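A.B. asks: Structure: model_9.cif, mmCIF, C-alpha atoms and all ligand atoms.
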```cif
data_protein
#
loop_
_atom_site.label_atom_id
_atom_site.label_comp_id
_atom_site.auth_asym_id
_atom_site.auth_seq_id
_atom_site.Cartn_x
_atom_site.Cartn_y
_atom_site.Cartn_z
CA MET V 1 18.38 10.85 -16.23
CA ALA V 2 19.47 14.02 -17.98
CA ASP V 3 21.88 13.53 -20.84
CA GLU V 4 25.43 13.42 -19.42
CA SER V 5 26.69 15.60 -22.26
CA GLN V 6 24.49 18.46 -21.07
CA LYS V 7 26.51 21.03 -19.18
CA TRP V 8 23.77 22.29 -16.92
CA VAL V 9 24.10 23.28 -13.28
CA LEU V 10 21.13 23.61 -10.96
CA LEU V 11 21.65 25.94 -7.98
CA VAL V 12 19.85 26.80 -4.75
CA THR V 13 20.98 29.42 -2.22
CA ALA V 14 19.63 29.62 1.32
CA ARG V 15 20.43 31.61 4.43
CA THR V 16 20.03 30.23 7.93
CA PRO V 17 20.53 32.14 11.17
CA THR V 18 22.25 30.80 14.21
CA ASN V 19 20.48 30.19 17.50
CA ILE V 20 21.51 30.73 21.09
CA ALA V 21 20.29 28.32 23.74
CA VAL V 22 18.72 29.82 26.85
CA ILE V 23 18.35 26.32 28.31
CA LYS V 24 21.44 24.47 27.15
CA TYR V 25 21.97 21.17 25.40
CA TRP V 26 25.08 19.54 26.85
CA GLY V 27 25.57 15.77 26.74
CA LYS V 28 24.43 13.02 24.39
CA ARG V 29 22.81 9.70 25.24
CA ASP V 30 23.55 8.49 21.68
CA GLU V 31 26.63 9.92 19.95
CA LYS V 32 25.93 8.59 16.48
CA LEU V 33 22.30 9.70 16.20
CA ILE V 34 23.01 12.82 18.31
CA LEU V 35 20.34 12.28 20.94
CA PRO V 36 20.62 14.65 23.93
CA VAL V 37 20.32 13.94 27.65
CA ASN V 38 17.86 16.82 28.12
CA ASP V 39 15.46 19.11 26.27
CA SER V 40 16.77 22.56 25.34
CA ILE V 41 15.28 25.92 24.35
CA SER V 42 16.81 28.57 22.11
CA VAL V 43 16.25 31.95 20.50
CA THR V 44 16.91 32.19 16.78
CA LEU V 45 18.95 35.28 15.92
CA ASP V 46 18.69 37.93 13.27
CA PRO V 47 20.26 36.47 10.10
CA ASP V 48 21.73 39.82 9.04
CA HIS V 49 24.35 39.52 11.75
CA LEU V 50 24.92 35.86 12.50
CA CYS V 51 24.06 33.52 9.69
CA THR V 52 25.34 30.99 7.21
CA THR V 53 24.67 31.40 3.51
CA THR V 54 24.98 28.24 1.48
CA THR V 55 24.77 27.63 -2.25
CA VAL V 56 24.29 24.04 -3.34
CA ALA V 57 24.68 22.89 -6.90
CA VAL V 58 24.12 19.71 -8.85
CA SER V 59 25.43 18.94 -12.32
CA PRO V 60 26.09 15.80 -14.34
CA THR V 61 29.62 17.15 -14.85
CA PHE V 62 30.48 16.89 -11.12
CA ASP V 63 32.39 13.69 -10.43
CA HIS V 64 32.33 13.75 -6.63
CA ASP V 65 30.66 15.59 -3.74
CA ARG V 66 32.68 18.63 -2.62
CA MET V 67 32.28 21.36 -0.01
CA TRP V 68 33.90 24.75 0.68
CA LEU V 69 33.57 26.65 3.95
CA ASN V 70 34.47 30.34 3.83
CA GLY V 71 36.28 29.72 0.54
CA LYS V 72 38.40 26.80 1.76
CA GLU V 73 37.67 23.25 0.67
CA ILE V 74 36.75 20.95 3.55
CA SER V 75 36.21 17.22 3.64
CA LEU V 76 32.70 15.84 3.39
CA SER V 77 33.80 12.39 4.47
CA GLY V 78 32.88 12.91 8.15
CA GLY V 79 30.10 10.71 9.50
CA ARG V 80 27.84 13.67 10.28
CA PHE V 81 27.81 15.13 6.76
CA GLN V 82 27.39 11.64 5.39
CA SER V 83 24.42 10.90 7.70
CA CYS V 84 22.65 14.07 6.53
CA LEU V 85 23.42 13.38 2.86
CA ARG V 86 22.20 9.79 3.15
CA GLU V 87 18.94 10.88 4.79
CA LEU V 88 18.36 13.63 2.21
CA ARG V 89 19.18 11.47 -0.82
CA SER V 90 16.80 8.77 0.38
CA ARG V 91 13.97 11.33 0.57
CA ALA V 92 14.79 13.28 -2.60
CA GLY V 93 12.02 13.87 -5.12
CA ASP V 94 11.71 14.50 -8.85
CA VAL V 95 12.97 17.88 -10.02
CA GLU V 96 12.16 19.57 -13.31
CA ASP V 97 13.29 22.90 -14.74
CA LYS V 98 11.51 23.18 -18.09
CA GLU V 99 13.26 26.42 -19.04
CA LYS V 100 16.70 24.84 -18.75
CA GLY V 101 15.47 21.48 -20.00
CA ILE V 102 16.56 19.76 -16.78
CA LYS V 103 14.79 16.67 -15.51
CA ILE V 104 16.07 14.75 -12.50
CA SER V 105 14.13 11.75 -11.24
CA LYS V 106 14.34 10.77 -7.59
CA GLU V 107 16.46 7.71 -8.45
CA ASP V 108 19.05 9.99 -10.12
CA TRP V 109 19.99 11.64 -6.82
CA GLY V 110 21.89 8.51 -5.77
CA LYS V 111 24.17 8.93 -8.81
CA LEU V 112 24.48 12.71 -9.14
CA HIS V 113 27.13 14.64 -7.21
CA ILE V 114 26.73 17.93 -5.45
CA HIS V 115 28.92 20.93 -4.67
CA ILE V 116 28.29 23.00 -1.55
CA ALA V 117 29.72 26.45 -0.82
CA SER V 118 29.03 27.83 2.64
CA TYR V 119 29.91 31.16 4.16
CA ASN V 120 29.56 32.32 7.79
CA ASN V 121 29.24 36.08 8.34
CA PHE V 122 30.70 35.62 11.85
CA PRO V 123 33.69 33.78 13.44
CA THR V 124 33.57 30.02 12.88
CA ALA V 125 33.91 27.56 15.80
CA ALA V 126 34.43 30.34 18.35
CA GLY V 127 31.46 29.43 20.53
CA LEU V 128 28.94 31.42 18.48
CA ALA V 129 26.99 28.36 17.37
CA SER V 130 28.47 28.34 13.87
CA SER V 131 27.78 24.63 13.53
CA ALA V 132 24.10 25.25 14.29
CA ALA V 133 23.67 27.71 11.43
CA GLY V 134 26.03 25.77 9.16
CA LEU V 135 24.43 22.36 9.43
CA ALA V 136 20.88 23.74 9.40
CA CYS V 137 21.69 25.60 6.19
CA PHE V 138 23.37 22.53 4.71
CA VAL V 139 20.22 20.46 5.26
CA PHE V 140 17.75 23.21 4.34
CA SER V 141 19.43 24.16 1.05
CA LEU V 142 19.97 20.55 -0.05
CA ALA V 143 16.38 19.66 0.85
CA LYS V 144 15.24 22.46 -1.49
CA LEU V 145 17.61 21.43 -4.27
CA MET V 146 16.56 17.78 -4.01
CA ASN V 147 12.89 18.58 -3.57
CA VAL V 148 12.72 16.71 -0.27
CA ASN V 149 9.08 16.74 0.66
CA GLU V 150 9.30 16.67 4.46
CA ASP V 151 8.00 19.12 7.06
CA GLN V 152 10.36 21.30 9.13
CA SER V 153 10.23 18.92 12.07
CA LYS V 154 11.48 15.96 9.93
CA LEU V 155 14.16 18.23 8.47
CA SER V 156 15.14 19.21 12.02
CA ALA V 157 15.73 15.52 12.82
CA ILE V 158 18.07 15.32 9.81
CA ALA V 159 19.92 18.53 10.78
CA ARG V 160 20.24 17.14 14.33
CA GLN V 161 22.39 14.33 12.95
CA GLY V 162 24.77 16.96 11.56
CA SER V 163 25.06 18.93 14.82
CA GLY V 164 22.62 18.77 17.72
CA SER V 165 22.00 22.49 18.06
CA ALA V 166 21.41 22.78 14.27
CA CYS V 167 17.93 21.26 14.61
CA ARG V 168 16.79 24.42 16.44
CA SER V 169 17.93 26.75 13.61
CA LEU V 170 15.25 25.47 11.24
CA TYR V 171 12.70 27.67 12.98
CA GLY V 172 12.63 31.35 13.84
CA GLY V 173 11.54 32.77 17.19
CA PHE V 174 11.71 30.55 20.28
CA VAL V 175 12.44 26.90 19.66
CA LYS V 176 12.46 23.77 21.79
CA TRP V 177 14.46 20.66 20.96
CA ILE V 178 12.53 17.78 22.46
CA MET V 179 15.02 15.12 23.57
CA GLY V 180 12.59 12.31 22.64
CA LYS V 181 12.39 8.75 23.96
CA GLU V 182 12.73 6.55 20.88
CA GLU V 183 16.02 4.71 20.39
CA ASN V 184 16.04 5.54 16.67
CA GLY V 185 15.69 9.26 17.39
CA SER V 186 12.48 9.68 15.40
CA ASP V 187 10.90 11.82 18.15
CA SER V 188 14.02 13.90 18.90
CA VAL V 189 12.93 16.95 16.91
CA ALA V 190 12.71 20.72 17.17
CA VAL V 191 9.37 22.51 17.54
CA GLN V 192 8.60 26.21 17.45
CA LEU V 193 7.35 27.52 20.81
CA ALA V 194 6.59 31.04 19.54
CA ASP V 195 7.31 32.72 16.24
CA GLU V 196 9.63 35.67 15.61
CA LYS V 197 6.87 38.24 16.09
CA HIS V 198 6.28 37.11 19.65
CA TRP V 199 8.17 39.27 22.14
CA ASP V 200 9.82 41.31 19.41
CA GLU V 201 11.05 44.08 21.72
CA LEU V 202 13.94 41.86 22.91
CA VAL V 203 17.33 42.96 21.60
CA ILE V 204 20.37 40.72 21.42
CA ILE V 205 23.90 42.01 21.89
CA VAL V 206 26.83 39.70 21.28
CA ALA V 207 30.18 40.73 22.72
CA VAL V 208 32.86 39.03 20.65
CA VAL V 209 35.40 38.48 23.39
CA SER V 210 37.44 36.15 21.25
CA SER V 211 37.04 35.11 17.65
CA ARG V 212 39.69 32.41 18.05
CA GLN V 213 38.58 28.80 17.56
CA LYS V 214 37.88 27.13 20.89
CA GLU V 215 40.36 24.62 22.28
CA THR V 216 37.78 22.02 23.27
CA SER V 217 35.04 21.43 20.69
CA SER V 218 31.48 21.06 21.95
CA THR V 219 31.44 17.48 20.72
CA SER V 220 34.52 16.31 22.64
CA GLY V 221 33.74 18.54 25.63
CA MET V 222 30.30 17.08 26.13
CA ARG V 223 31.61 13.54 25.65
CA GLU V 224 34.08 14.10 28.50
CA THR V 225 31.34 15.64 30.63
CA VAL V 226 29.03 12.64 30.11
CA GLU V 227 31.86 10.31 31.08
CA THR V 228 32.99 12.13 34.21
CA SER V 229 30.51 14.65 35.64
CA LEU V 230 28.06 13.68 38.37
CA LEU V 231 26.65 17.18 38.29
CA LEU V 232 25.50 16.58 34.70
CA GLN V 233 23.30 13.70 35.81
CA HIS V 234 21.67 15.87 38.46
CA ARG V 235 21.25 18.70 35.93
CA ALA V 236 19.70 16.51 33.22
CA LYS V 237 17.32 14.62 35.51
CA GLU V 238 16.39 17.09 38.23
CA VAL V 239 17.10 20.64 37.10
CA VAL V 240 16.42 20.98 33.38
CA PRO V 241 12.96 19.35 33.19
CA LYS V 242 11.63 21.89 35.72
CA ARG V 243 13.47 24.76 34.08
CA ILE V 244 12.06 23.90 30.67
CA LEU V 245 8.49 24.21 31.99
CA LYS V 246 9.27 27.52 33.70
CA MET V 247 11.04 28.86 30.61
CA GLU V 248 8.12 27.96 28.36
CA GLU V 249 5.80 29.82 30.72
CA ALA V 250 8.11 32.86 30.88
CA ILE V 251 8.28 33.02 27.08
CA ARG V 252 4.51 32.61 26.73
CA ASN V 253 3.85 35.41 29.25
CA ARG V 254 6.75 37.64 28.10
CA ASP V 255 7.88 37.54 31.72
CA PHE V 256 11.37 39.05 31.41
CA ALA V 257 12.32 38.70 35.09
CA SER V 258 11.79 34.91 35.01
CA PHE V 259 13.26 34.62 31.52
CA ALA V 260 16.46 36.40 32.58
CA GLN V 261 16.79 34.53 35.86
CA LEU V 262 16.40 31.14 34.13
CA THR V 263 18.70 32.04 31.23
CA CYS V 264 21.55 33.24 33.47
CA ALA V 265 21.16 30.34 35.91
CA ASP V 266 21.22 27.80 33.10
CA SER V 267 24.30 29.31 31.47
CA ASN V 268 26.06 29.31 34.83
CA GLN V 269 25.10 25.70 35.51
CA PHE V 270 26.30 24.63 32.08
CA HIS V 271 29.71 26.18 32.83
CA ALA V 272 29.68 24.61 36.31
CA VAL V 273 29.14 21.24 34.65
CA CYS V 274 32.13 21.99 32.40
CA LEU V 275 34.21 22.68 35.53
CA ASP V 276 32.89 19.44 37.05
CA THR V 277 34.29 17.54 34.05
CA SER V 278 37.61 15.76 34.41
CA PRO V 279 39.85 17.33 33.22
CA PRO V 280 37.87 20.55 33.73
CA ILE V 281 36.85 22.57 30.68
CA PHE V 282 37.15 26.37 30.80
CA TYR V 283 35.16 28.09 28.11
CA MET V 284 34.75 31.50 29.75
CA ASN V 285 37.68 33.82 30.47
CA ASP V 286 38.25 36.84 32.74
CA THR V 287 36.42 39.20 30.40
CA SER V 288 33.41 36.86 30.36
CA HIS V 289 33.40 36.88 34.17
CA ARG V 290 33.64 40.66 34.29
CA ILE V 291 30.68 40.95 31.88
CA ILE V 292 28.65 38.63 34.15
CA SER V 293 29.46 40.84 37.16
CA LEU V 294 28.49 43.99 35.29
CA VAL V 295 25.09 42.56 34.30
CA GLU V 296 24.44 41.01 37.73
CA LYS V 297 25.21 44.31 39.50
CA TRP V 298 23.00 46.26 37.12
CA ASN V 299 20.10 43.84 37.47
CA ARG V 300 20.38 43.98 41.26
CA ALA V 301 20.50 47.77 41.27
CA GLU V 302 17.39 47.94 39.08
CA GLY V 303 15.51 45.62 41.46
CA THR V 304 14.22 43.56 38.55
CA PRO V 305 16.39 42.02 35.80
CA GLN V 306 16.80 44.12 32.64
CA VAL V 307 19.42 42.02 30.87
CA ALA V 308 20.03 38.28 30.55
CA TYR V 309 23.43 36.81 29.67
CA THR V 310 24.38 33.45 28.31
CA PHE V 311 27.67 31.89 27.17
CA ASP V 312 28.07 28.88 24.91
CA ALA V 313 31.23 26.83 24.46
CA GLY V 314 33.46 29.91 24.32
CA PRO V 315 34.11 33.24 26.08
CA ASN V 316 31.75 35.35 23.91
CA ALA V 317 28.83 36.89 25.79
CA VAL V 318 25.32 36.85 24.36
CA MET V 319 23.18 39.40 26.18
CA ILE V 320 19.44 39.74 25.77
CA ALA V 321 18.06 43.15 26.70
CA HIS V 322 14.46 43.65 27.78
CA ASN V 323 13.86 46.33 25.14
CA ARG V 324 15.58 48.87 22.89
CA LYS V 325 16.02 51.45 25.65
CA VAL V 326 17.76 48.94 27.91
CA ALA V 327 19.85 47.74 24.94
CA GLY V 328 21.06 51.31 24.34
CA LEU V 329 22.06 51.72 27.98
CA LEU V 330 23.71 48.32 28.02
CA LEU V 331 25.75 49.10 24.94
CA GLN V 332 26.86 52.41 26.48
CA ARG V 333 28.07 50.62 29.60
CA LEU V 334 29.76 47.87 27.64
CA LEU V 335 31.55 50.37 25.42
CA TYR V 336 32.71 52.27 28.52
CA HIS V 337 33.94 49.23 30.47
CA PHE V 338 35.01 47.06 27.52
CA PRO V 339 35.97 49.33 24.63
CA PRO V 340 36.50 47.11 21.60
CA ASN V 341 39.99 46.62 20.26
CA THR V 342 41.76 48.84 22.79
CA ASP V 343 43.35 45.75 24.29
CA ALA V 344 43.12 42.06 23.58
CA ASP V 345 40.01 41.66 25.75
CA LEU V 346 37.22 42.23 23.31
CA SER V 347 37.11 42.71 19.57
CA SER V 348 33.60 43.83 18.60
CA TYR V 349 29.88 43.95 19.31
CA ILE V 350 27.06 42.60 17.17
CA VAL V 351 23.56 43.93 17.79
CA GLY V 352 20.48 42.25 16.39
CA ASP V 353 16.97 40.91 16.87
CA LYS V 354 15.34 37.55 16.93
CA SER V 355 14.36 36.55 13.47
CA ILE V 356 13.02 34.03 11.04
CA LEU V 357 14.60 31.60 8.72
CA GLN V 358 15.27 33.40 5.47
CA ASP V 359 15.51 31.84 2.09
CA ALA V 360 17.49 33.82 -0.42
CA GLY V 361 17.05 31.21 -3.15
C1 LIG V 401 26.95 24.93 24.40
O1 LIG V 401 25.42 21.35 18.78
O2 LIG V 401 27.76 22.24 18.68
O3 LIG V 401 26.09 25.56 22.28
O4 LIG V 401 25.85 18.12 18.67
O5 LIG V 401 28.26 17.73 19.11
O6 LIG V 401 27.57 19.18 17.19
P1 LIG V 401 27.24 18.68 18.59
O7 LIG V 401 27.32 19.93 19.55
P2 LIG V 401 26.76 21.40 19.36
O8 LIG V 401 26.67 21.83 20.90
C2 LIG V 401 26.11 23.03 21.29
C3 LIG V 401 26.32 23.22 22.74
C4 LIG V 401 25.97 24.58 23.29
C5 LIG V 401 24.58 24.59 23.90
C6 LIG V 401 23.41 24.63 22.96
O9 LIG V 401 23.51 25.17 21.85
O10 LIG V 401 22.35 24.16 23.39
#
```
Render the structure in this file as structure tokens.
C.D. replies:
Amino acid sequence: MADESQKWVLLVTARTPTNIAVIKYWGKRDEKLILPVNDSISVTLDPDHLCTTTTVAVSPTFDHDRMWLNGKEISLSGGRFQSCLRELRSRAGDVEDKEKGIKISKEDWGKLHIHIASYNNFPTAAGLASSAAGLACFVFSLAKLMNVNEDQSKLSAIARQGSGSACRSLYGGFVKWIMGKEENGSDSVAVQLADEKHWDELVIIVAVVSSRQKETSSTSGMRETVETSLLLQHRAKEVVPKRILKMEEAIRNRDFASFAQLTCADSNQFHAVCLDTSPPIFYMNDTSHRIISLVEKWNRAEGTPQVAYTFDAGPNAVMIAHNRKVAGLLLQRLLYHFPPNTDADLSSYIVGDKSILQDAG
């Protein structure tokens, strides 16, 4: 192990975008390992607008593991962080930086402590999948620092144990999280369906309806749904498996009409399942409903869908436009009907593309 008197610090910085599910994950069959009740499919977003940047550091002078999120220290004692750290430490490799005279053997990682500083460039815990980007970045940056020699799919299984949706953020483009069958979760991994260049005319517009933290976290919301909703069982067994096949086909064929129909229907069913939970969970608000109506009316008037909408565990709308021209028109209409910051309804818009995982280290 490196001499304790040495005052070196080894750093890695990585950037990981968030992802938005077009076929939703909602409900776990195993809470500890984070194993879902159905497959899900997502689009990874442009990291310039919605991403987490994380710097991880190791030094013999650190006396315990510490983490800061958006400048505020948070506890790392939670089971999820600890599961990821345990998995990563057990797979860590030898690291050498000849220039700095640093040599860390794989056994040293069990004794060395790390510091993690993470920053989201978008509202945290407001239903914009901040945990997906955050935990994916946590795992990705530490895996680099610790020289973990595993492929993306193995890393996705580690990120999954931090937050389910995080496993999908380890890939760009269109990503499927396969629910898997094994009890130990070894086959519950993310795979890339198509890379970021595929279907690159799609444009994503996020309407930040509220940047407040949600009242019911995804984790507790889905636990209550699993315990009380009969509709969830129907969804997981009967609806989603068929939808996944159709969605894969729509993505492969760049079939926007099917893509939009499936995306909107799945978002609506997810929120119906939330309503079917006891006590019911309301993630969308009046503004969300008005945005749905606007898009539905437009799509009907056009004869074929031009815009898809989807809402996660919060009121913010994620809209996917067929192409740049449609995105321009959509933005015009949104700005007319929902001008940002004129009342409390809507604070801002974020416009971006699908993109790839970017490593700023
Ligand atoms: C509505 O991944 O945040 O965004 O696994 O408990 O951390 P945990 O939940 P999380 O849930 C995301 C739910 C969703 C749908 C989705 O992203 O598929």
A.B. asks: Produce a table with one row for each residue of chain V that has an atom at most 8 Å from any atom of ligand LIG 401 (chain V), each row naming the nearest atom pair and its distance in Å at one decimal; use all atoms listed in the file; arrange rows by chain and rising residue number; format as JSON lines.
C.D. replies:
```
{"residue": "V:Asn19", "atom": "CA", "partner": "V:LIG401", "partner_atom": "O9", "distance": 7.3}
{"residue": "V:Ile20", "atom": "CA", "partner": "V:LIG401", "partner_atom": "O9", "distance": 6.0}
{"residue": "V:Ala21", "atom": "CA", "partner": "V:LIG401", "partner_atom": "O10", "distance": 4.7}
{"residue": "V:Val22", "atom": "CA", "partner": "V:LIG401", "partner_atom": "O10", "distance": 7.6}
{"residue": "V:Ile23", "atom": "CA", "partner": "V:LIG401", "partner_atom": "O10", "distance": 6.7}
{"residue": "V:Lys24", "atom": "CA", "partner": "V:LIG401", "partner_atom": "O10", "distance": 3.9}
{"residue": "V:Tyr25", "atom": "CA", "partner": "V:LIG401", "partner_atom": "O10", "distance": 3.6}
{"residue": "V:Trp26", "atom": "CA", "partner": "V:LIG401", "partner_atom": "C3", "distance": 5.7}
{"residue": "V:Lys28", "atom": "CA", "partner": "V:LIG401", "partner_atom": "O4", "distance": 7.8}
{"residue": "V:Ile34", "atom": "CA", "partner": "V:LIG401", "partner_atom": "O4", "distance": 6.0}
{"residue": "V:Ser40", "atom": "CA", "partner": "V:LIG401", "partner_atom": "O10", "distance": 6.1}
{"residue": "V:Ile41", "atom": "CA", "partner": "V:LIG401", "partner_atom": "O10", "distance": 7.3}
{"residue": "V:Ser42", "atom": "CA", "partner": "V:LIG401", "partner_atom": "O10", "distance": 7.2}
{"residue": "V:Gly127", "atom": "CA", "partner": "V:LIG401", "partner_atom": "O3", "distance": 6.8}
{"residue": "V:Leu128", "atom": "CA", "partner": "V:LIG401", "partner_atom": "O3", "distance": 7.5}
{"residue": "V:Ala129", "atom": "CA", "partner": "V:LIG401", "partner_atom": "O3", "distance": 5.7}
{"residue": "V:Ser130", "atom": "CA", "partner": "V:LIG401", "partner_atom": "O2", "distance": 7.8}
{"residue": "V:Ser131", "atom": "CA", "partner": "V:LIG401", "partner_atom": "O2", "distance": 5.7}
{"residue": "V:Ala132", "atom": "CA", "partner": "V:LIG401", "partner_atom": "O1", "distance": 6.1}
{"residue": "V:Arg160", "atom": "CA", "partner": "V:LIG401", "partner_atom": "O4", "distance": 7.2}
{"residue": "V:Gln161", "atom": "CA", "partner": "V:LIG401", "partner_atom": "O4", "distance": 7.7}
{"residue": "V:Gly162", "atom": "CA", "partner": "V:LIG401", "partner_atom": "O6", "distance": 6.7}
{"residue": "V:Ser163", "atom": "CA", "partner": "V:LIG401", "partner_atom": "O6", "distance": 3.5}
{"residue": "V:Gly164", "atom": "CA", "partner": "V:LIG401", "partner_atom": "O4", "distance": 3.4}
{"residue": "V:Ser165", "atom": "CA", "partner": "V:LIG401", "partner_atom": "O1", "distance": 3.7}
{"residue": "V:Ala166", "atom": "CA", "partner": "V:LIG401", "partner_atom": "O1", "distance": 6.2}
{"residue": "V:Ser217", "atom": "CA", "partner": "V:LIG401", "partner_atom": "O2", "distance": 7.6}
{"residue": "V:Ser218", "atom": "CA", "partner": "V:LIG401", "partner_atom": "O7", "distance": 4.9}
{"residue": "V:Thr219", "atom": "CA", "partner": "V:LIG401", "partner_atom": "O5", "distance": 3.6}
{"residue": "V:Ser220", "atom": "CA", "partner": "V:LIG401", "partner_atom": "O5", "distance": 7.3}
{"residue": "V:Met222", "atom": "CA", "partner": "V:LIG401", "partner_atom": "O5", "distance": 7.3}
{"residue": "V:Phe270", "atom": "CA", "partner": "V:LIG401", "partner_atom": "C1", "distance": 7.7}
{"residue": "V:Phe311", "atom": "CA", "partner": "V:LIG401", "partner_atom": "C1", "distance": 7.5}
{"residue": "V:Asp312", "atom": "CA", "partner": "V:LIG401", "partner_atom": "C1", "distance": 4.1}
{"residue": "V:Ala313", "atom": "CA", "partner": "V:LIG401", "partner_atom": "C1", "distance": 4.7}
```
A.B. asks: Which neighbours of segment 281-288 of chain V fall inside 6 Å, counting all atoms listed in the file, when residues of the same chain fewer than 4 positions from it are skipped, and could you give them as a ChimeraX atom specification?
C.D. replies: /V:274-275,313-315
A.B. asks: Just want the 6 Å neighbourhood of segment 62-78 of chain V, counted on all atoms listed in the file, with same-chain residues fewer than 5 positions away dropped. Output as a PDB file with C-alpha atoms, in the coordinates of the input.
C.D. replies:
```pdb
ATOM      1  CA  HIS V 113      27.130  14.640  -7.210  1.00  0.00           C
ATOM      2  CA  ILE V 114      26.730  17.930  -5.450  1.00  0.00           C
ATOM      3  CA  HIS V 115      28.920  20.930  -4.670  1.00  0.00           C
ATOM      4  CA  ILE V 116      28.290  23.000  -1.550  1.00  0.00           C
ATOM      5  CA  ALA V 117      29.720  26.450  -0.820  1.00  0.00           C
ATOM      6  CA  SER V 118      29.030  27.830   2.640  1.00  0.00           C
ATOM      7  CA  TYR V 119      29.910  31.160   4.160  1.00  0.00           C
TER       8      TYR V 119
END
```
A.B. asks: Quick one, how far is atom CA of Lys181 of chain V from atom CA of Asn147 of chain V?
C.D. replies: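 For atom CA of Lys181 of chain V relative to atom CA of Asn147 of chain V, the distance reads 29.2 Å.
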A.B. asks: Just want the 9 Å neighbourhood of Thr277 of chain V, counted on all atoms listed in the file, with same-chain residues fewer than 2 positions away dropped. Output as a ChimeraX atom specification.
C.D. replies: /V:221-222,224-232,272-275,279-281
A.B. asks: Restricting the calculation to all atoms listed in the file: of V:Ile291, V:Ala194, V:Ile320, V:Ala260, which residue gets closest to His337 of chain V?
C.D. replies: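 Looking at the shortest contact to His337 of chain V, the residue is V:Ile291.
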A.B. asks: Which distance in Å separates atom CA of Gly172 of chain V and atom CA of Arg86 of chain V, to one decimal?
C.D. replies: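 Atom CA of Arg86 of chain V lies 25.9 Å from atom CA of Gly172 of chain V.
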A.B. asks: Out of V:Lys176, V:Lys154, V:Lys325, V:Arg223, which residue has the shortest atom-to-atom distance to Gly27 of chain V when counting all atoms listed in the file?
C.D. replies: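 Nearest to Gly27 of chain V: V:Arg223.
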A.B. asks: Atom CA of Leu202 of chain V and atom CA of His322 of chain V are how many Å apart?
C.D. replies: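 Atom CA of His322 of chain V lies at a distance of 5.2 Å from atom CA of Leu202 of chain V.
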A.B. asks: From (20.3, 42.3, 37.1), in the file's coordinates, out to 12 Å: which residues are reached, counting only C-alpha atoms? Answer as an mmCIF file with C-alpha atoms, in the coordinates of the input.
C.D. replies:
```cif
data_model
loop_
_atom_site.group_PDB
_atom_site.id
_atom_site.type_symbol
_atom_site.label_atom_id
_atom_site.label_comp_id
_atom_site.auth_asym_id
_atom_site.auth_seq_id
_atom_site.Cartn_x
_atom_site.Cartn_y
_atom_site.Cartn_z
ATOM 1 C CA PHE V 256 11.370 39.050 31.410
ATOM 2 C CA ALA V 257 12.320 38.700 35.090
ATOM 3 C CA SER V 258 11.790 34.910 35.010
ATOM 4 C CA PHE V 259 13.260 34.620 31.520
ATOM 5 C CA ALA V 260 16.460 36.400 32.580
ATOM 6 C CA GLN V 261 16.790 34.530 35.860
ATOM 7 C CA THR V 263 18.700 32.040 31.230
ATOM 8 C CA CYS V 264 21.550 33.240 33.470
ATOM 9 C CA ILE V 291 30.680 40.950 31.880
ATOM 10 C CA ILE V 292 28.650 38.630 34.150
ATOM 11 C CA SER V 293 29.460 40.840 37.160
ATOM 12 C CA LEU V 294 28.490 43.990 35.290
ATOM 13 C CA VAL V 295 25.090 42.560 34.300
ATOM 14 C CA GLU V 296 24.440 41.010 37.730
ATOM 15 C CA LYS V 297 25.210 44.310 39.500
ATOM 16 C CA TRP V 298 23.000 46.260 37.120
ATOM 17 C CA ASN V 299 20.100 43.840 37.470
ATOM 18 C CA ARG V 300 20.380 43.980 41.260
ATOM 19 C CA ALA V 301 20.500 47.770 41.270
ATOM 20 C CA GLU V 302 17.390 47.940 39.080
ATOM 21 C CA GLY V 303 15.510 45.620 41.460
ATOM 22 C CA THR V 304 14.220 43.560 38.550
ATOM 23 C CA PRO V 305 16.390 42.020 35.800
ATOM 24 C CA GLN V 306 16.800 44.120 32.640
ATOM 25 C CA VAL V 307 19.420 42.020 30.870
ATOM 26 C CA ALA V 308 20.030 38.280 30.550
ATOM 27 C CA TYR V 309 23.430 36.810 29.670
ATOM 28 C CA MET V 319 23.180 39.400 26.180
ATOM 29 C CA ILE V 320 19.440 39.740 25.770
ATOM 30 C CA ALA V 321 18.060 43.150 26.700
ATOM 31 C CA HIS V 322 14.460 43.650 27.780
ATOM 32 C CA VAL V 326 17.760 48.940 27.910
ATOM 33 C CA LEU V 330 23.710 48.320 28.020
#
```
A.B. asks: What's around Arg15 of chain V at 12 Å? Count only C-alpha atoms, leave out sequence neighbours fewer than 3 positions away in its own chain, and write the answer as an MDAnalysis selection string.
C.D. replies: chainID V and resid 12 18 46:56 117:121 133:142 169:170 355:361
